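Enquirer: Starting off with a structure, shown below.
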Amino acid sequence: MYTQALNAKPDAGEPQLEDAALLEAFQARIDAEDRIEPNDRMPAAYRKTLTRQISQHAHSEIVGMLPEGNWITRAPSLRRKAALLAKVQDECGHGLYLYAAAETLGTSREELVDQLLTGKAKYSSIFNYPTLTWADIGAIGWLVDGAAIMNQIPLCRCSYGPYARAMIRVCKEESFHQRQGYEIMVTLSKGNEAQREMAQDALNRWWWPCLMMFGPPDAASQHSDQSTKWKIKRFSNDELRQKFVDATVPQAHYLGLTLPDPDLKFNEQTGHWEYGAIDWDEFKQVIAGNGPCNRDRLAARNKAHAEGAWVREAALAYAEKRHARKAAA
Amino acid sequence: MKDVFPLWEVFIRSRNGLAHKHVGSLHATDATLALQAARDIYTRRGEGLSIWVVPSNAITASDPADKEMMFEPTASKIYRHPTFYDVPEEVGHM
């Protein structure tokens, strides 16, 4: 679903051991829209940048199960509960496709998961916000998944084959997520006063963090150049953010809800919705670990990992036992 | 590392009459669990009628560095293609 550390900083500081001719040949393949496959020769910095980006994307999917999982037992109907369960299961699947894609670059899933659990790796800042009401489930599907789709569609054409293929699968499933979220918002906004207020409150809380999902403004983001050159990234943060705003504002109006931005206005000339200033200090705080739920999320992942250890151990022991028996027979 | 599960490659046949196609990989301790996980991860929306799981280390792959040696010679053998041969127009489609 969700991405954002999508602008993993390329490891430019890494000593470039490859000779210039090889780098040039690699760039020529990229420029020719050739896809890079796991065993192909690639610059060390390309490998490192992608490993970090794909694994952070995977971590985001896995941590992303937590805020929504919070409402599975309290979904208002069986229909909603079944849909939410299916969505959360999809997020887990997305995490697994992505870990598998990251592993093709030579780092094991165990190592990558370890980086998440120890807090060394980042994940999307959006999951450090709490889901306080049922309307948050609607807002997440509509806005968070909507923002994720904007980010992920261009990634289907990323230069690294396994990542692009994983993204194609993810994008196909993402559409269900967004529609189920919007349907929840439609239902609430057509409901009674308390339900409409609940929908508005969720929109108020999720709108700005969703705009932050696209990452720092282009002027402040020096990481994108190399990723753009390598065709990992196809659009700038601000371009994607604008696409999201343009697509989402009319959807909010249909719901009869107000976007929590007094400066929001339509520019007739450009055909775009112009939005107010984003609080980048809040973004930095959340990324730095000081968001409302950072500690809870990491604690929950660590608890689940520790409590699942016996299952992993039992499965391995069983496989070893069967293997030994077979060998003895 | 004690916790390492072997890697499996997953192939799915989407409908009868088509070949199994590689869709991705996963980790599992044995074939039974690999098959179960493949079903959960890769066929949640009717993507397949049949699944194969193969231990990744059982696959022998060509080396990308040998690409030219392996595949380039075919480019020069245009006489292997039907369009290389002229058939008189009066004969019609062949």
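In the structure tokens, each chain is lettered A, B, ... as it comes, each chain's residues begin at 1, and ligands are numbered from 1 in order of appearance.
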With a cut-off of 7 Å and counting only C-alpha atoms, select all residues of chain A in contact with chain B and give the selection as a count of residues only.

Expert: 7

Enquirer: Can you tell me, as a list in words, what residues are no more than 7 Å from Ile36 (chain A) when counting only C-alpha atoms, ignoring any on the same chain fewer than 3 positions away?

Expert: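 Final neighbour list, sorted by chain and number: Asp40, Ser159, Tyr160 and Gly161 of chain A.
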
Enquirer: Export N, CA, C and O atoms of the chosen residues as an mmCIF file, in the first residue's frame?

Expert:
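The resulting result_23.cif:
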```
data_model
loop_
_atom_site.group_PDB
_atom_site.id
_atom_site.type_symbol
_atom_site.label_atom_id
_atom_site.label_comp_id
_atom_site.auth_asym_id
_atom_site.auth_seq_id
_atom_site.Cartn_x
_atom_site.Cartn_y
_atom_site.Cartn_z
ATOM 1 N N ASP A 40 21.892 -9.302 -13.055
ATOM 2 C CA ASP A 40 22.594 -8.372 -13.932
ATOM 3 C C ASP A 40 23.614 -7.573 -13.131
ATOM 4 O O ASP A 40 23.454 -7.355 -11.933
ATOM 5 N N SER A 159 12.890 0.854 -13.064
ATOM 6 C CA SER A 159 13.900 0.150 -13.874
ATOM 7 C C SER A 159 14.261 -1.230 -13.323
ATOM 8 O O SER A 159 14.789 -2.062 -14.055
ATOM 9 N N TYR A 160 13.985 -1.478 -12.043
ATOM 10 C CA TYR A 160 14.343 -2.784 -11.488
ATOM 11 C C TYR A 160 13.170 -3.768 -11.635
ATOM 12 O O TYR A 160 12.108 -3.595 -11.024
ATOM 13 N N GLY A 161 13.347 -4.785 -12.442
ATOM 14 C CA GLY A 161 12.279 -5.716 -12.817
ATOM 15 C C GLY A 161 11.464 -6.275 -11.658
ATOM 16 O O GLY A 161 10.229 -6.142 -11.650
#
```

Enquirer: What's around Asp296 (chain A) at 12 Å? Count only C-alpha atoms, leave out sequence neighbours fewer than 2 positions away in its own chain, and write the answer as a list in words.

Expert: Val63, Leu66, Pro67, Phe127, Asn128, Tyr129, Pro130, Gly289, Asn290, Gly291, Pro292, Cys293, Asn294, Leu298, Ala299, Ala300, Arg301, Asn302 and Lys303 of chain A

Enquirer: Would you please extract all helix (DSSP H, G or I) residues from region 138-272 of chain A, as assigned by DSSP on the backbone, and give them as JSON, numbers by chain?

Expert: {"A": [138, 139, 140, 141, 142, 143, 144, 145, 146, 147, 148, 149, 150, 151, 152, 153, 154, 155, 161, 162, 163, 164, 165, 166, 167, 168, 169, 170, 171, 172, 173, 174, 175, 176, 177, 178, 179, 180, 181, 182, 183, 184, 185, 186, 187, 188, 189, 193, 194, 195, 196, 197, 198, 199, 200, 201, 202, 203, 204, 205, 206, 207, 208, 209, 210, 211, 212, 218, 219, 220, 224, 225, 226, 227, 228, 229, 237, 238, 239, 240, 241, 242, 243, 244, 245, 246, 247, 248, 249, 250, 251, 252, 253, 254, 255]}

Enquirer: I'd like the neighbourhood of region 52-55 of chain A as a VMD selection string, where a residue qualifies if any of its atoms comes within 12 Å (using only C-alpha atoms), though same-chain residues fewer than 5 positions away should be ignored.

Expert: chain A and resid 2 to 11 45 to 47 60 to 62 94 to 116 120 to 124 152 155 158 160 162 to 164 166 to 167 227 232 to 233

Enquirer: Can you work out which one of B:Glu9, B:Ala37, B:Gly92, B:Asn16 has the shortest atom-to-atom distance to Ser50 (chain B), counting only C-alpha atoms?

Expert: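 Ranked by minimum distance to Ser50 (chain B), first place goes to B:Asn16.
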
Enquirer: Might you pull out every residue within 8 Å of Trp52 (chain B), with only C-alpha atoms counted and same-chain residues fewer than 2 positions away left off, and present them as a list in words?

Expert: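 Using only C-alpha atoms, the neighbours found are Val10, Phe11, Ile12, His20, Leu35, Ser50 and Val54 of chain B.
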
Enquirer: Can you tell me how far CA of Gln226 (chain A) sits from CA of Val286 (chain A), in Å to one decimal?

Expert: 25.5 Å

Enquirer: Out of region 105-318 of chain A, which residues get strand (DSSP E or B) from DSSP, as a PyMOL selection string?

Expert: chain A and resi 160+265-267+272-274

Enquirer: Nearest residue to Pro55 (chain B) out of B:Ala75, B:Ala34, B:Val91, B:Met69, using only C-alpha atoms?

Expert: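 Between B:Ala75, B:Ala34, B:Val91, B:Met69, the residue approaching Pro55 (chain B) most closely is B:Ala34.
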